[in-house]
Amino acid sequence: MEKLNKGLIDFGLLVGPTDISKYDYIRLPMKDLWGVLMRKDSPLAEKETISAEDLWDKPLIISHQASINSEMFSWLKTDLAKLNIVATYDLVYNAAQFVKKGFGYVIALDKLINTTGNSNLCFKPLFPTLEAELCIVWKKYQILSRASNTFLQQLQQELENL
């Protein structure tokens, strides 16, 4: 959002609830799914879904952005100080490296890390389900370049065809 506000980028993809009042935007029809990235040999890996209570005593690695997201902490149903947050991340790839070494459980969005094939990681969705809305935003009253305007028109057309 800082780069967008400074005019360094034309568009941003915002994940989750955020104040978009100073932007023009398109709310995407799809949503991302929150869950837990863990090793396949973890005791929680046997579960179909992960509840808040499952995580209360686990070493957690959470997104720096999610760490300020009240929706996530509302889902966790406990005081932030009672959680065992061992690290925060900006890039989920880096957090996944800690999980591979057995340092904790990453609360993350689905499909950002490969958990298929011979990966020793798996992803389990949260229950009750917690989804993140996606919005493409751009500054209000911004005069877009021809390329940016073409991108926006193409995006709008693709979304109409869904």
# chains A, B, ... in the order shown; residues from 1 in each chain; ligands from 1

$ closest_atom_pairs --of "range 11-89 of chain A" --to "range 106-119 of chain A" --cutoff "10 Å" --atoms "only C-alpha atoms" --output "JSON lines"
{"residue": "A:Val15", "atom": "CA", "partner": "A:Leu109", "partner_atom": "CA", "distance": 9.8}
{"residue": "A:Asp32", "atom": "CA", "partner": "A:Leu109", "partner_atom": "CA", "distance": 6.3}
{"residue": "A:Leu33", "atom": "CA", "partner": "A:Leu109", "partner_atom": "CA", "distance": 5.5}
{"residue": "A:Trp34", "atom": "CA", "partner": "A:Leu109", "partner_atom": "CA", "distance": 4.5}
{"residue": "A:Gly35", "atom": "CA", "partner": "A:Ala108", "partner_atom": "CA", "distance": 5.7}
{"residue": "A:Val36", "atom": "CA", "partner": "A:Ile107", "partner_atom": "CA", "distance": 4.6}
{"residue": "A:Leu37", "atom": "CA", "partner": "A:Val106", "partner_atom": "CA", "distance": 5.0}
{"residue": "A:Met38", "atom": "CA", "partner": "A:Val106", "partner_atom": "CA", "distance": 6.7}
{"residue": "A:Arg39", "atom": "CA", "partner": "A:Ser119", "partner_atom": "CA", "distance": 8.9}
{"residue": "A:Lys40", "atom": "CA", "partner": "A:Ser119", "partner_atom": "CA", "distance": 8.5}
{"residue": "A:Leu55", "atom": "CA", "partner": "A:Ile107", "partner_atom": "CA", "distance": 9.6}
{"residue": "A:Pro59", "atom": "CA", "partner": "A:Val106", "partner_atom": "CA", "distance": 8.8}
{"residue": "A:Leu60", "atom": "CA", "partner": "A:Val106", "partner_atom": "CA", "distance": 6.0}
{"residue": "A:Ile61", "atom": "CA", "partner": "A:Val106", "partner_atom": "CA", "distance": 4.6}
{"residue": "A:Ile62", "atom": "CA", "partner": "A:Ile107", "partner_atom": "CA", "distance": 5.3}
{"residue": "A:Ser63", "atom": "CA", "partner": "A:Ala108", "partner_atom": "CA", "distance": 7.0}
{"residue": "A:Ala66", "atom": "CA", "partner": "A:Ala108", "partner_atom": "CA", "distance": 8.8}
{"residue": "A:Met72", "atom": "CA", "partner": "A:Ile107", "partner_atom": "CA", "distance": 9.5}
{"residue": "A:Ile85", "atom": "CA", "partner": "A:Val106", "partner_atom": "CA", "distance": 9.9}
{"residue": "A:Ala87", "atom": "CA", "partner": "A:Val106", "partner_atom": "CA", "distance": 9.3}
{"residue": "A:Thr88", "atom": "CA", "partner": "A:Val106", "partner_atom": "CA", "distance": 9.0}
{"residue": "A:Tyr89", "atom": "CA", "partner": "A:Val106", "partner_atom": "CA", "distance": 9.1}

$ write_last_selection --atoms "N, CA and C atoms" --output "PDB file, in the first residue's frame"
ATOM      1  N   VAL A  15      -4.890  -8.740   0.440  1.00  0.00           N
ATOM      2  CA  VAL A  15      -5.430  -9.984   0.962  1.00  0.00           C
ATOM      3  C   VAL A  15      -6.023  -9.717   2.329  1.00  0.00           C
ATOM      4  N   ASP A  32      -8.984 -16.746  -0.783  1.00  0.00           N
ATOM      5  CA  ASP A  32      -7.905 -17.629  -0.340  1.00  0.00           C
ATOM      6  C   ASP A  32      -8.314 -18.286   0.969  1.00  0.00           C
ATOM      7  N   LEU A  33      -7.779 -19.462   1.196  1.00  0.00           N
ATOM      8  CA  LEU A  33      -8.120 -20.265   2.364  1.00  0.00           C
ATOM      9  C   LEU A  33      -6.947 -20.278   3.345  1.00  0.00           C
ATOM     10  N   TRP A  34      -7.210 -19.934   4.600  1.00  0.00           N
ATOM     11  CA  TRP A  34      -6.200 -20.004   5.649  1.00  0.00           C
ATOM     12  C   TRP A  34      -6.093 -21.434   6.181  1.00  0.00           C
ATOM     13  N   GLY A  35      -4.893 -21.800   6.555  1.00  0.00           N
ATOM     14  CA  GLY A  35      -4.674 -23.115   7.141  1.00  0.00           C
ATOM     15  C   GLY A  35      -3.313 -23.184   7.791  1.00  0.00           C
ATOM     16  N   VAL A  36      -2.857 -24.398   8.037  1.00  0.00           N
ATOM     17  CA  VAL A  36      -1.588 -24.609   8.723  1.00  0.00           C
ATOM     18  C   VAL A  36      -0.674 -25.451   7.842  1.00  0.00           C
ATOM     19  N   LEU A  37       0.524 -24.933   7.641  1.00  0.00           N
ATOM     20  CA  LEU A  37       1.572 -25.640   6.917  1.00  0.00           C
ATOM     21  C   LEU A  37       2.420 -26.361   7.951  1.00  0.00           C
ATOM     22  N   MET A  38       2.588 -27.672   7.770  1.00  0.00           N
ATOM     23  CA  MET A  38       3.318 -28.467   8.761  1.00  0.00           C
ATOM     24  C   MET A  38       4.034 -29.624   8.072  1.00  0.00           C
ATOM     25  N   ARG A  39       4.877 -30.268   8.822  1.00  0.00           N
ATOM     26  CA  ARG A  39       5.534 -31.468   8.319  1.00  0.00           C
ATOM     27  C   ARG A  39       4.511 -32.603   8.256  1.00  0.00           C
ATOM     28  N   LYS A  40       4.690 -33.478   7.281  1.00  0.00           N
ATOM     29  CA  LYS A  40       3.774 -34.617   7.139  1.00  0.00           C
ATOM     30  C   LYS A  40       3.869 -35.586   8.308  1.00  0.00           C
ATOM     31  N   LEU A  55      -3.908 -25.427  18.122  1.00  0.00           N
ATOM     32  CA  LEU A  55      -2.715 -24.591  17.954  1.00  0.00           C
ATOM     33  C   LEU A  55      -2.270 -23.874  19.219  1.00  0.00           C
ATOM     34  N   PRO A  59       4.264 -24.286  18.705  1.00  0.00           N
ATOM     35  CA  PRO A  59       5.112 -23.160  18.280  1.00  0.00           C
ATOM     36  C   PRO A  59       4.613 -22.644  16.926  1.00  0.00           C
ATOM     37  N   LEU A  60       4.148 -21.406  16.903  1.00  0.00           N
ATOM     38  CA  LEU A  60       3.524 -20.845  15.706  1.00  0.00           C
ATOM     39  C   LEU A  60       4.441 -19.855  14.998  1.00  0.00           C
ATOM     40  N   ILE A  61       4.393 -19.918  13.687  1.00  0.00           N
ATOM     41  CA  ILE A  61       5.079 -18.962  12.820  1.00  0.00           C
ATOM     42  C   ILE A  61       3.962 -18.306  12.018  1.00  0.00           C
ATOM     43  N   ILE A  62       3.763 -17.020  12.233  1.00  0.00           N
ATOM     44  CA  ILE A  62       2.633 -16.342  11.600  1.00  0.00           C
ATOM     45  C   ILE A  62       3.117 -15.227  10.687  1.00  0.00           C
ATOM     46  N   SER A  63       2.282 -14.904   9.732  1.00  0.00           N
ATOM     47  CA  SER A  63       2.571 -13.815   8.809  1.00  0.00           C
ATOM     48  C   SER A  63       2.661 -12.500   9.581  1.00  0.00           C
ATOM     49  N   ALA A  66      -0.535 -10.903   9.072  1.00  0.00           N
ATOM     50  CA  ALA A  66      -1.612 -11.532   9.849  1.00  0.00           C
ATOM     51  C   ALA A  66      -1.482 -11.214  11.330  1.00  0.00           C
ATOM     52  N   MET A  72      -7.834 -12.920  12.364  1.00  0.00           N
ATOM     53  CA  MET A  72      -7.086 -14.142  12.660  1.00  0.00           C
ATOM     54  C   MET A  72      -7.074 -14.400  14.167  1.00  0.00           C
ATOM     55  N   ILE A  85       4.023 -17.863  19.869  1.00  0.00           N
ATOM     56  CA  ILE A  85       4.479 -17.355  18.571  1.00  0.00           C
ATOM     57  C   ILE A  85       6.000 -17.269  18.618  1.00  0.00           C
ATOM     58  N   ALA A  87       7.950 -16.971  15.752  1.00  0.00           N
ATOM     59  CA  ALA A  87       8.511 -16.142  14.671  1.00  0.00           C
ATOM     60  C   ALA A  87       7.380 -15.567  13.834  1.00  0.00           C
ATOM     61  N   THR A  88       7.701 -14.508  13.096  1.00  0.00           N
ATOM     62  CA  THR A  88       6.796 -13.981  12.080  1.00  0.00           C
ATOM     63  C   THR A  88       7.549 -14.003  10.759  1.00  0.00           C
ATOM     64  N   TYR A  89       6.795 -13.962   9.675  1.00  0.00           N
ATOM     65  CA  TYR A  89       7.425 -13.995   8.352  1.00  0.00           C
ATOM     66  C   TYR A  89       6.794 -12.972   7.424  1.00  0.00           C
TER      67      TYR A  89
END

$ select_by_dssp --residues "range 97-147 of chain A" --states "strand (DSSP E)" --output "PyMOL selection string"
chain A and resi 105-109+121-125+131-139

$ closest_residue --among "A:Thr150, A:Ala96, A:Ala132, A:Trp138" --to "Pro29 in chain A" --atoms "only C-alpha atoms"
A:Ala132

$ closest_residue --among "A:Asn94, A:Glu2, A:Phe11, A:Ile26" --to "Gln157 in chain A" --atoms "only C-alpha atoms"
A:Ile26

$ residues_around --residues "Leu80 in chain A" --least-positions-apart "3" --cutoff "12 Å" --atoms "only C-alpha atoms" --output "NGL selection string"
:A and (56 or 60 or 62 or 67-70 or 72-77 or 83-85)

$ closest_residue --among "A:Asn120, A:Lys100, A:Glu133, A:Glu158" --to "Leu13 in chain A" --atoms "only C-alpha atoms"
A:Glu133

$ atom_distance --atom1 "CA of Tyr93 in chain A" --atom2 "CA of Leu121 in chain A"
12.0 Å

$ atom_distance --atom1 "CA of Ala52 in chain A" --atom2 "CA of Phe123 in chain A"
15.2 Å

$ closest_residue --among "A:Ala45, A:Leu14, A:Leu28, A:Leu134" --to "Met1 in chain A" --atoms "only C-alpha atoms"
A:Leu14

$ select_by_dssp --residues "range 35-87 of chain A" --states "alpha helix (DSSP H)" --output "count of residues only"
11

$ closest_residue --among "A:Tyr25, A:Phe127, A:Phe98, A:Tyr105" --to "Ser42 in chain A" --atoms "only C-alpha atoms"
A:Tyr105

$ closest_residue --among "A:Leu144, A:Leu126, A:Cys135, A:Leu152" --to "Arg27 in chain A" --atoms "only C-alpha atoms"
A:Cys135

$ atom_distance --atom1 "CA of Thr49 in chain A" --atom2 "CA of Pro128 in chain A"
8.6 Å

$ decode --residues "range 8-22 of chain A" --atoms "N, CA and C atoms" --output "mmCIF file, in the first residue's frame"
data_model
loop_
_atom_site.group_PDB
_atom_site.id
_atom_site.type_symbol
_atom_site.label_atom_id
_atom_site.label_comp_id
_atom_site.auth_asym_id
_atom_site.auth_seq_id
_atom_site.Cartn_x
_atom_site.Cartn_y
_atom_site.Cartn_z
ATOM 1 N N LEU A 8 4.627 4.375 -6.880
ATOM 2 C CA LEU A 8 5.698 3.512 -7.387
ATOM 3 C C LEU A 8 5.156 2.294 -8.134
ATOM 4 N N ILE A 9 3.916 1.920 -7.829
ATOM 5 C CA ILE A 9 3.239 0.845 -8.554
ATOM 6 C C ILE A 9 1.835 1.320 -8.897
ATOM 7 N N ASP A 10 1.243 0.724 -9.920
ATOM 8 C CA ASP A 10 -0.092 1.125 -10.353
ATOM 9 C C ASP A 10 -1.198 0.341 -9.664
ATOM 10 N N PHE A 11 -0.933 -0.946 -9.370
ATOM 11 C CA PHE A 11 -1.950 -1.820 -8.794
ATOM 12 C C PHE A 11 -1.368 -2.586 -7.620
ATOM 13 N N GLY A 12 -2.247 -2.960 -6.714
ATOM 14 C CA GLY A 12 -1.858 -3.823 -5.612
ATOM 15 C C GLY A 12 -2.899 -4.911 -5.424
ATOM 16 N N LEU A 13 -2.464 -6.044 -4.939
ATOM 17 C CA LEU A 13 -3.373 -7.132 -4.575
ATOM 18 C C LEU A 13 -3.398 -7.176 -3.062
ATOM 19 N N LEU A 14 -4.549 -6.866 -2.481
ATOM 20 C CA LEU A 14 -4.694 -6.850 -1.034
ATOM 21 C C LEU A 14 -5.418 -8.115 -0.595
ATOM 22 N N VAL A 15 -4.890 -8.740 0.440
ATOM 23 C CA VAL A 15 -5.430 -9.984 0.962
ATOM 24 C C VAL A 15 -6.023 -9.717 2.329
ATOM 25 N N GLY A 16 -7.296 -10.116 2.490
ATOM 26 C CA GLY A 16 -7.929 -9.990 3.790
ATOM 27 C C GLY A 16 -8.586 -8.648 3.995
ATOM 28 N N PRO A 17 -9.179 -8.476 5.159
ATOM 29 C CA PRO A 17 -9.878 -7.228 5.436
ATOM 30 C C PRO A 17 -8.886 -6.077 5.597
ATOM 31 N N THR A 18 -9.134 -5.034 4.872
ATOM 32 C CA THR A 18 -8.283 -3.849 4.954
ATOM 33 C C THR A 18 -9.093 -2.643 4.508
ATOM 34 N N ASP A 19 -8.659 -1.466 4.901
ATOM 35 C CA ASP A 19 -9.368 -0.240 4.537
ATOM 36 C C ASP A 19 -9.039 0.102 3.091
ATOM 37 N N ILE A 20 -10.030 -0.010 2.237
ATOM 38 C CA ILE A 20 -9.810 0.304 0.818
ATOM 39 C C ILE A 20 -10.548 1.581 0.411
ATOM 40 N N SER A 21 -10.934 2.388 1.377
ATOM 41 C CA SER A 21 -11.759 3.568 1.101
ATOM 42 C C SER A 21 -11.048 4.601 0.232
ATOM 43 N N LYS A 22 -9.724 4.639 0.262
ATOM 44 C CA LYS A 22 -9.033 5.650 -0.552
ATOM 45 C C LYS A 22 -8.569 5.097 -1.899
#
